[in-house]
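Visitor: For reference, the file final_13.txt (compact mmCIF, C-alpha atoms) is included below:
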```
# COMPACT_ATOMS: atom_id res chain seq x y z
CA MET D 1396 69.22 118.15 124.87
CA ASP D 1397 68.84 116.34 121.53
CA TRP D 1398 71.57 114.85 119.33
CA PRO D 1399 72.15 117.85 117.00
CA GLU D 1400 72.44 120.19 119.98
CA ALA D 1401 74.76 117.76 121.75
CA ILE D 1402 77.04 117.35 118.74
CA ASP D 1403 77.26 121.12 118.17
CA GLY D 1404 78.02 121.70 121.84
CA PHE D 1405 80.60 118.90 121.88
CA ARG D 1406 82.29 120.44 118.83
CA THR D 1407 82.65 123.76 120.66
CA TYR D 1408 83.92 122.03 123.79
CA LEU D 1409 86.64 120.16 121.90
CA ALA D 1410 87.76 123.15 119.83
CA VAL D 1411 87.55 125.89 122.46
CA GLU D 1412 87.87 124.37 125.91
CA ARG D 1413 90.19 121.49 125.00
CA GLY D 1414 92.00 123.32 122.22
CA TYR D 1415 92.04 120.33 119.87
CA SER D 1416 93.04 120.74 116.24
CA PRO D 1417 90.29 120.84 113.58
CA LYS D 1418 91.36 117.40 112.35
CA THR D 1419 91.08 115.89 115.84
CA VAL D 1420 87.70 117.54 116.41
CA GLU D 1421 86.32 116.13 113.18
CA THR D 1422 87.63 112.66 114.05
CA TYR D 1423 85.86 112.74 117.43
CA LEU D 1424 82.63 113.97 115.86
CA ARG D 1425 82.77 111.36 113.12
CA ASP D 1426 83.09 108.60 115.72
CA VAL D 1427 80.21 110.01 117.77
CA GLU D 1428 78.00 110.29 114.68
CA ALA D 1429 78.76 106.67 113.75
CA PHE D 1430 77.76 105.65 117.27
CA ARG D 1431 74.51 107.63 116.99
CA GLN D 1432 73.62 105.88 113.74
CA SER D 1433 74.51 102.50 115.21
CA VAL D 1434 72.38 102.78 118.35
CA SER D 1435 69.47 104.36 116.48
CA GLY D 1436 69.30 101.78 113.73
CA PRO D 1437 68.55 102.41 110.04
CA GLU D 1438 64.81 101.87 110.47
CA ALA D 1439 64.36 104.05 113.57
CA LYS D 1440 62.20 107.11 113.05
CA LYS D 1441 63.85 108.84 116.00
CA PRO D 1442 67.40 108.41 117.30
CA LEU D 1443 67.98 106.82 120.68
CA PRO D 1444 67.54 109.55 123.34
CA LEU D 1445 70.83 110.60 124.88
CA ALA D 1446 69.59 109.85 128.39
CA ARG D 1447 69.00 106.21 127.44
CA ILE D 1448 72.56 105.50 126.33
CA ASP D 1449 74.00 102.70 128.47
CA ALA D 1450 77.02 100.37 128.55
CA ILE D 1451 75.14 97.70 126.58
CA ALA D 1452 74.66 100.09 123.67
CA VAL D 1453 78.32 101.03 123.74
CA ARG D 1454 79.45 97.38 123.86
CA ARG D 1455 77.12 96.48 121.01
CA HIS D 1456 78.57 99.23 118.83
CA LEU D 1457 82.14 98.20 119.66
CA ALA D 1458 81.30 94.61 118.76
CA GLU D 1459 80.23 95.81 115.31
CA LEU D 1460 83.65 97.38 114.84
CA PHE D 1461 85.62 94.20 115.48
CA GLY D 1462 86.96 92.58 112.34
CA GLN D 1463 86.71 95.84 110.44
CA ASN D 1464 89.16 97.93 112.48
CA GLU D 1465 92.51 97.46 114.16
CA PRO D 1466 92.48 97.24 117.97
CA ALA D 1467 94.24 100.62 118.19
CA THR D 1468 91.52 102.22 116.05
CA ILE D 1469 88.75 100.77 118.21
CA GLY D 1470 90.57 102.03 121.30
CA LYS D 1471 90.65 105.55 119.88
CA LYS D 1472 86.94 105.44 119.13
CA LEU D 1473 86.23 104.25 122.66
CA SER D 1474 88.27 107.16 123.96
CA ALA D 1475 86.13 109.55 121.88
CA PHE D 1476 82.95 108.02 123.36
CA ARG D 1477 84.28 108.39 126.90
CA THR D 1478 85.04 112.06 126.29
CA PHE D 1479 81.60 112.65 124.77
CA PHE D 1480 79.74 110.88 127.59
CA ARG D 1481 81.79 112.65 130.26
CA TRP D 1482 80.84 115.95 128.66
CA LEU D 1483 77.15 114.92 128.68
CA ASN D 1484 77.42 113.86 132.31
CA ARG D 1485 78.80 117.24 133.36
CA ARG D 1486 75.81 118.88 131.72
CA GLY D 1487 73.32 116.64 133.49
CA VAL D 1488 72.23 114.74 130.40
CA LEU D 1489 73.66 111.42 131.60
CA GLU D 1490 73.85 110.21 135.19
CA GLY D 1491 77.22 108.60 134.61
CA ASN D 1492 79.66 107.63 131.88
CA PRO D 1493 78.47 104.37 130.24
CA ALA D 1494 81.88 103.83 128.62
CA ALA D 1495 83.96 104.44 131.73
CA ALA D 1496 84.20 100.78 132.78
CA ILE D 1497 84.56 99.32 129.28
CA ARG D 1498 88.05 98.16 128.46
CA GLY D 1499 89.33 98.56 124.95
CA PRO D 1500 90.78 95.68 122.93
CA LYS D 1501 94.33 94.67 123.67
CA LYS D 1502 96.60 96.43 121.23
CA LYS D 1503 99.51 94.83 119.49
CA GLN D 1504 102.62 96.53 120.79
CA ALA D 1505 104.89 96.85 117.81
CA LEU D 1506 108.54 97.33 118.57
CA PRO D 1507 110.18 100.45 117.13
CA ARG D 1508 112.17 99.87 113.97
CA ALA D 1509 115.50 101.33 114.96
CA LEU D 1510 118.51 101.47 112.68
CA ASP D 1511 121.86 100.25 113.89
CA VAL D 1512 124.49 102.94 114.37
CA ASP D 1513 126.21 102.28 111.04
CA ASP D 1514 122.99 102.53 109.04
CA ALA D 1515 121.91 105.63 110.96
CA PHE D 1516 125.23 107.33 110.15
CA ARG D 1517 125.05 106.17 106.54
CA LEU D 1518 121.59 107.69 106.09
CA VAL D 1519 122.29 110.96 107.89
CA GLU D 1520 125.50 111.51 105.91
CA ALA D 1521 124.02 110.38 102.58
CA PRO D 1522 123.26 113.89 101.23
CA ALA D 1523 126.96 114.75 101.60
CA THR D 1524 128.46 111.45 100.47
CA ALA D 1525 126.05 109.55 98.24
CA ALA D 1526 125.27 110.28 94.60
CA ARG D 1527 121.67 110.43 93.41
CA PRO D 1528 121.25 109.64 89.69
CA THR D 1529 119.79 112.30 87.41
CA LEU D 1530 118.09 111.76 84.06
CA ARG D 1531 119.96 114.61 82.37
CA ARG D 1532 122.95 116.84 82.81
CA LEU D 1533 122.18 119.73 85.16
CA SER D 1534 122.99 123.33 84.38
CA GLU D 1535 125.29 125.32 86.64
CA GLY D 1536 122.32 126.95 88.37
CA GLU D 1537 120.58 123.60 88.84
CA GLU D 1538 123.76 122.12 90.27
CA ALA D 1539 123.97 124.97 92.79
CA ARG D 1540 120.33 124.49 93.75
CA ALA D 1541 120.76 120.73 94.14
CA ALA D 1542 123.82 121.29 96.31
CA ALA D 1543 121.89 123.71 98.53
CA PHE D 1544 119.04 121.28 99.06
CA ARG D 1545 121.52 118.53 99.87
CA LEU D 1546 122.56 120.74 102.78
CA ARG D 1547 118.90 121.03 103.77
CA ASP D 1548 118.44 117.27 103.66
CA GLN D 1549 121.49 116.59 105.80
CA ALA D 1550 120.44 119.23 108.33
CA LEU D 1551 116.95 117.68 108.48
CA PHE D 1552 118.32 114.18 109.08
CA GLU D 1553 120.76 115.46 111.70
CA VAL D 1554 117.89 117.13 113.57
CA LEU D 1555 115.70 114.02 113.39
CA TYR D 1556 118.46 111.71 114.58
CA GLY D 1557 120.42 114.14 116.74
CA GLY D 1558 117.38 115.55 118.56
CA GLY D 1559 114.86 112.72 118.34
CA LEU D 1560 112.17 115.00 116.93
CA ARG D 1561 108.94 113.80 115.40
CA VAL D 1562 108.91 114.53 111.67
CA SER D 1563 105.97 116.92 112.16
CA GLU D 1564 107.99 118.79 114.80
CA ALA D 1565 111.03 119.08 112.55
CA CYS D 1566 108.97 120.33 109.61
CA GLY D 1567 107.20 122.79 111.91
CA LEU D 1568 110.42 124.45 113.11
CA ASP D 1569 111.13 128.10 112.41
CA VAL D 1570 114.58 129.64 112.28
CA GLY D 1571 113.78 131.46 115.51
CA ASP D 1572 113.35 128.13 117.33
CA LEU D 1573 117.13 127.60 117.23
CA ASP D 1574 119.16 129.10 120.04
CA ARG D 1575 122.46 128.89 121.88
CA ASP D 1576 122.23 128.11 125.58
CA ARG D 1577 124.46 129.70 128.19
CA TYR D 1578 127.08 127.00 127.61
CA GLY D 1579 127.21 127.72 123.89
CA SER D 1580 125.44 124.52 122.85
CA LEU D 1581 122.73 124.60 120.20
CA THR D 1582 119.17 123.90 121.34
CA VAL D 1583 115.86 123.79 119.53
CA THR D 1584 112.53 124.77 121.06
CA ILE D 1585 109.60 122.60 120.03
CA ARG D 1586 106.60 124.91 120.36
CA ARG D 1587 104.18 122.72 118.48
CA GLY D 1588 104.86 119.33 120.03
CA LYS D 1589 102.30 116.60 120.57
CA GLY D 1590 99.53 117.87 122.81
CA GLY D 1591 100.61 121.47 122.21
CA LYS D 1592 103.44 121.13 124.73
CA THR D 1593 106.71 123.05 124.51
CA ARG D 1594 110.08 121.48 125.19
CA VAL D 1595 113.73 122.37 124.63
CA VAL D 1596 115.96 119.75 123.00
CA PRO D 1597 119.77 119.91 122.77
CA LEU D 1598 121.40 119.24 119.41
CA GLY D 1599 124.90 117.85 118.96
CA ASP D 1600 127.84 119.36 117.12
CA ALA D 1601 127.08 117.46 113.91
CA ALA D 1602 123.55 118.88 113.81
CA ALA D 1603 124.85 122.36 114.61
CA ARG D 1604 127.34 122.25 111.72
CA ALA D 1605 124.72 120.91 109.29
CA LEU D 1606 122.21 123.58 110.31
CA ALA D 1607 124.79 126.35 109.96
CA ALA D 1608 125.64 125.16 106.43
CA TRP D 1609 121.96 125.06 105.43
CA GLN D 1610 121.18 128.44 106.96
CA ALA D 1611 124.03 130.01 105.01
CA VAL D 1612 122.16 129.29 101.75
CA ARG D 1613 118.55 128.96 102.92
CA GLY D 1614 117.70 132.65 102.43
CA ALA D 1615 118.13 132.36 98.66
CA TYR D 1616 115.23 129.91 98.43
CA THR D 1617 112.56 131.26 100.77
CA ARG D 1618 111.16 134.34 102.49
CA THR D 1619 109.27 132.34 105.10
CA PRO D 1620 110.40 131.80 108.71
CA ALA D 1621 110.33 128.02 108.17
CA LEU D 1622 113.66 126.35 108.92
CA PHE D 1623 113.15 123.57 106.38
CA VAL D 1624 111.55 124.53 103.09
CA GLY D 1625 110.54 122.71 99.94
CA SER D 1626 111.53 123.34 96.35
CA THR D 1627 108.91 126.08 95.94
CA GLY D 1628 110.02 127.97 99.05
CA GLY D 1629 107.15 126.92 101.31
CA ARG D 1630 107.46 124.92 104.50
CA LEU D 1631 108.65 121.35 103.93
CA THR D 1632 105.80 118.88 104.41
CA THR D 1633 106.03 115.68 106.42
CA ARG D 1634 105.27 113.65 103.30
CA SER D 1635 108.15 115.31 101.46
CA ALA D 1636 110.44 114.54 104.39
CA GLN D 1637 109.40 110.89 104.21
CA ARG D 1638 110.14 110.79 100.48
CA LEU D 1639 113.56 112.34 101.05
CA CYS D 1640 114.34 109.75 103.70
CA GLN D 1641 113.41 106.92 101.34
CA ALA D 1642 115.34 108.37 98.41
CA TRP D 1643 118.53 108.94 100.37
CA SER D 1644 118.35 105.51 102.00
CA VAL D 1645 118.38 103.99 98.51
CA ALA D 1646 121.27 106.21 97.43
CA ALA D 1647 123.26 105.28 100.54
CA GLY D 1648 122.55 101.57 100.26
CA VAL D 1649 120.59 101.37 103.53
CA THR D 1650 118.51 98.23 103.02
CA ALA D 1651 116.20 98.87 106.00
CA ARG D 1652 114.20 101.48 104.02
CA PRO D 1653 113.97 103.77 107.04
CA THR D 1654 111.41 106.48 107.73
CA PRO D 1655 111.92 109.76 109.58
CA HIS D 1656 110.26 108.10 112.58
CA ALA D 1657 112.89 105.36 112.43
CA LEU D 1658 115.53 108.03 113.06
CA ARG D 1659 113.59 109.12 116.18
CA HIS D 1660 113.46 105.49 117.34
CA SER D 1661 117.18 105.16 116.64
CA PHE D 1662 117.88 108.30 118.69
CA ALA D 1663 116.11 106.81 121.72
CA THR D 1664 117.53 103.31 121.32
CA HIS D 1665 121.11 104.49 120.89
CA LEU D 1666 120.83 106.76 123.94
CA LEU D 1667 119.53 103.82 125.97
CA ASP D 1668 122.41 101.69 124.73
CA GLY D 1669 124.70 104.49 125.93
CA LYS D 1670 123.26 104.09 129.45
CA VAL D 1671 121.11 107.24 129.45
CA ASP D 1672 118.26 106.81 131.93
CA LEU D 1673 114.67 106.44 130.74
CA ARG D 1674 113.47 109.61 132.47
CA SER D 1675 115.96 111.72 130.52
CA ILE D 1676 115.00 110.03 127.26
CA GLN D 1677 111.34 110.62 128.10
CA GLU D 1678 111.99 114.36 128.45
CA LEU D 1679 113.96 114.52 125.21
CA LEU D 1680 111.29 112.66 123.26
CA GLY D 1681 108.45 114.67 124.75
CA HIS D 1682 106.55 111.62 126.00
CA ALA D 1683 103.80 112.45 128.46
CA SER D 1684 104.08 109.03 130.08
CA LEU D 1685 107.12 106.92 130.91
CA SER D 1686 105.23 103.89 129.60
CA SER D 1687 105.61 105.28 126.08
CA THR D 1688 109.37 105.40 126.54
CA GLN D 1689 109.68 101.98 128.13
CA ILE D 1690 109.00 100.27 124.83
CA TYR D 1691 112.62 101.03 123.92
CA THR D 1692 113.80 98.70 126.66
CA LYS D 1693 112.52 95.81 124.55
CA VAL D 1694 114.91 96.70 121.75
CA SER D 1695 117.81 97.30 124.14
CA LEU D 1696 117.95 94.15 126.26
CA ASP D 1697 121.76 94.19 126.20
CA HIS D 1698 121.64 97.57 127.93
CA LEU D 1699 119.24 96.31 130.60
CA MET D 1700 121.35 93.23 131.31
CA THR D 1701 124.44 95.40 131.71
CA VAL D 1702 122.61 97.72 134.11
CA TYR D 1703 121.25 94.74 136.07
CA ASP D 1704 124.63 93.02 136.34
CA GLY D 1705 126.26 96.20 137.53
CA ALA D 1706 123.58 97.31 139.98
CA HIS D 1707 121.83 94.36 141.59
CA PRO D 1708 123.65 92.87 144.61
CA ARG D 1709 122.54 89.35 143.71
CA ALA D 1710 123.29 89.57 140.00
CA LYS D 1711 126.79 88.15 140.35
CA GLN D 1712 128.38 86.25 143.17
CA SER D 1713 132.00 85.48 143.63
CA GLY D 1714 131.49 81.79 144.42
CA ASP D 1715 133.76 82.05 147.46
CA GLU D 1716 130.88 81.96 149.95
```
Using the file provided, produce a representation of the structure as structure tokens.

Guide:
Amino acid sequence: MDWPEAIDGFRTYLAVERGYSPKTVETYLRDVEAFRQSVSGPEAKKPLPLARIDAIAVRRHLAELFGQNEPATIGKKLSAFRTFFRWLNRRGVLEGNPAAAIRGPKKKQALPRALDVDDAFRLVEAPATAARPTLRRLSEGEEARAAAFRLRDQALFEVLYGGGLRVSEACGLDVGDLDRDRYGSLTVTIRRGKGGKTRVVPLGDAAARALAAWQAVRGAYTRTPALFVGSTGGRLTTRSAQRLCQAWSVAAGVTARPTPHALRHSFATHLLDGKVDLRSIQELLGHASLSSTQIYTKVSLDHLMTVYDGAHPRAKQSGDE
């Protein structure tokens, strides 16, 4: 098997067998192509044969990436190489996986930027309470339209904060994803979550009221099944959602300049502060691994100390012994 055949076969494997998105497939292939060029060298008449790829070649290429890429980026490229070599190994091209034993660079673990409760409330309620300046006087029809999209914005923020959704998940929702469970509570089904996984997330009363208000007027502005739509009637984009979050934070006087992802972080942090266990938060967030959820413990030390003091038999002693 030569390089062109390998790359074409790897493309099919990623897209068909693994079910990766076109963007992810192209990212993997771009990393593999960069590796091919690196190990072959600019002056080489023929690329390095696949069967001769070893750990030294992989380490040499990774060394070239240092200083030009963040540790997280290098780690992702290493993951792409591992997947590619594992695929070659299964087809008998390589005897093993030359990247299997190579450890990626240590990544900086940034803490989530969570809002405090007051700022979270101020942002979520901004479309209903804060005034956004306009350059001219609006007509009656424009006023009605602006009022309708205020309802959309509040419903979006309530879903992001009340359900802990990723912004891509919120923008990807259809009206049919909303449902009432057997207890009468509103839930939302995330059918296009990270990794293609489906999960059901409960939404609180505030989100339910905001969604009902938006749905009452939504039909006048779109014929699509999308729950959240833009000004032209198409599905709201993640970039537009980010701009809305920034604009309303300014209008509400929230100095933190939050992002939609900050509302997701706030959702998790505030649940942890309310003594919700990590496993439950993991399910609500849609994290595949508990380690992804545990980062919130670093921004909720007060919660951990309370749990420790109340649970560990040696945490507190009476002093009478």

Visitor: Rank nothing, just name the residue among D:Ala1526, D:Ala1401, D:Glu1537, D:Leu1460 nearest to Gly1499 in chain D, using all atoms listed in the file.

Guide: D:Leu1460

Visitor: Mind giving me the straight-line distance from CA of Ala1467 in chain D to CA of Pro1442 in chain D in Å, one decimal?

Guide: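 A separation of 28.0 Å between them.
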
Visitor: Tell me, in Å to one decimal, how far CA of Thr1633 in chain D is from CA of Pro1653 in chain D.

Guide: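 The value is 14.3 Å.
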
Visitor: Which polymer residues have any atom within 6 Å of an atom of Val1583 in chain D, counting only C-alpha atoms, with same-chain residues fewer than 5 positions away left out, as a PyMOL selection string?

Guide: chain D and resi 1572-1573+1595-1596

Visitor: When you draw a straight line from CA of Arg1547 in chain D to CA of Ala1607 in chain D, how long is it in Å?

Guide: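 CA of Ala1607 in chain D lies 10.1 Å from CA of Arg1547 in chain D.
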
Visitor: Neighbouring residues of Ala1601 in chain D were defined as those with any atom within 8 Å, considering only C-alpha atoms; residues of the same chain fewer than 4 positions away were excluded. Please report them as number ranges by chain.

Guide: D: 1553, 1557, 1605

Visitor: May I have the residues within 6 Å of range 1509-1520 of chain D as a list in words, using all atoms listed in the file and disregarding those fewer than 3 positions away in the same chain?

Guide: Ala1523, Phe1552, Ser1644, Ala1657, His1660 and Ser1661 of chain D

Visitor: Choose the residue, out of D:Val1671, D:Leu1424, D:Ala1646, D:Ile1402, that has the smallest atom-to-atom separation from Ala1525 in chain D; count all atoms listed in the file.

Guide: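 Closest candidate: D:Ala1646.
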
Visitor: List the neighbours of Glu1564 in chain D out to 10 Å using only C-alpha atoms; skip same-chain residues closer than 2 positions along the sequence, and give me the result as a PyMOL selection string.

Guide: chain D and resi 1555+1559-1562+1566-1568+1584-1589+1633

Visitor: Please provide as an NGL selection string all residues within 12 Å of range 1412-1414 of chain D, with the sequence filter that same-chain residues fewer than 4 positions apart are discarded (counting all atoms listed in the file).

Guide: :D and (1404-1408 or 1418-1420 or 1478 or 1482 or 1590-1592)

Visitor: May I ask which of the residues D:Leu1581, D:Ala1550, D:Leu1679, D:Asp1600 is the closest one to Leu1622 in chain D, counting only C-alpha atoms?

Guide: D:Ala1550

Visitor: Looking at only C-alpha atoms, which of D:Glu1428, D:Asp1668, D:Asp1548, D:Asp1576 is the one that sits closest to Cys1640 in chain D?

Guide: D:Asp1548

Visitor: Between D:Ala1647, D:Leu1639, D:Val1624, D:Leu1551, which is the closest to Ala1603 in chain D once you count all atoms listed in the file?

Guide: D:Leu1551
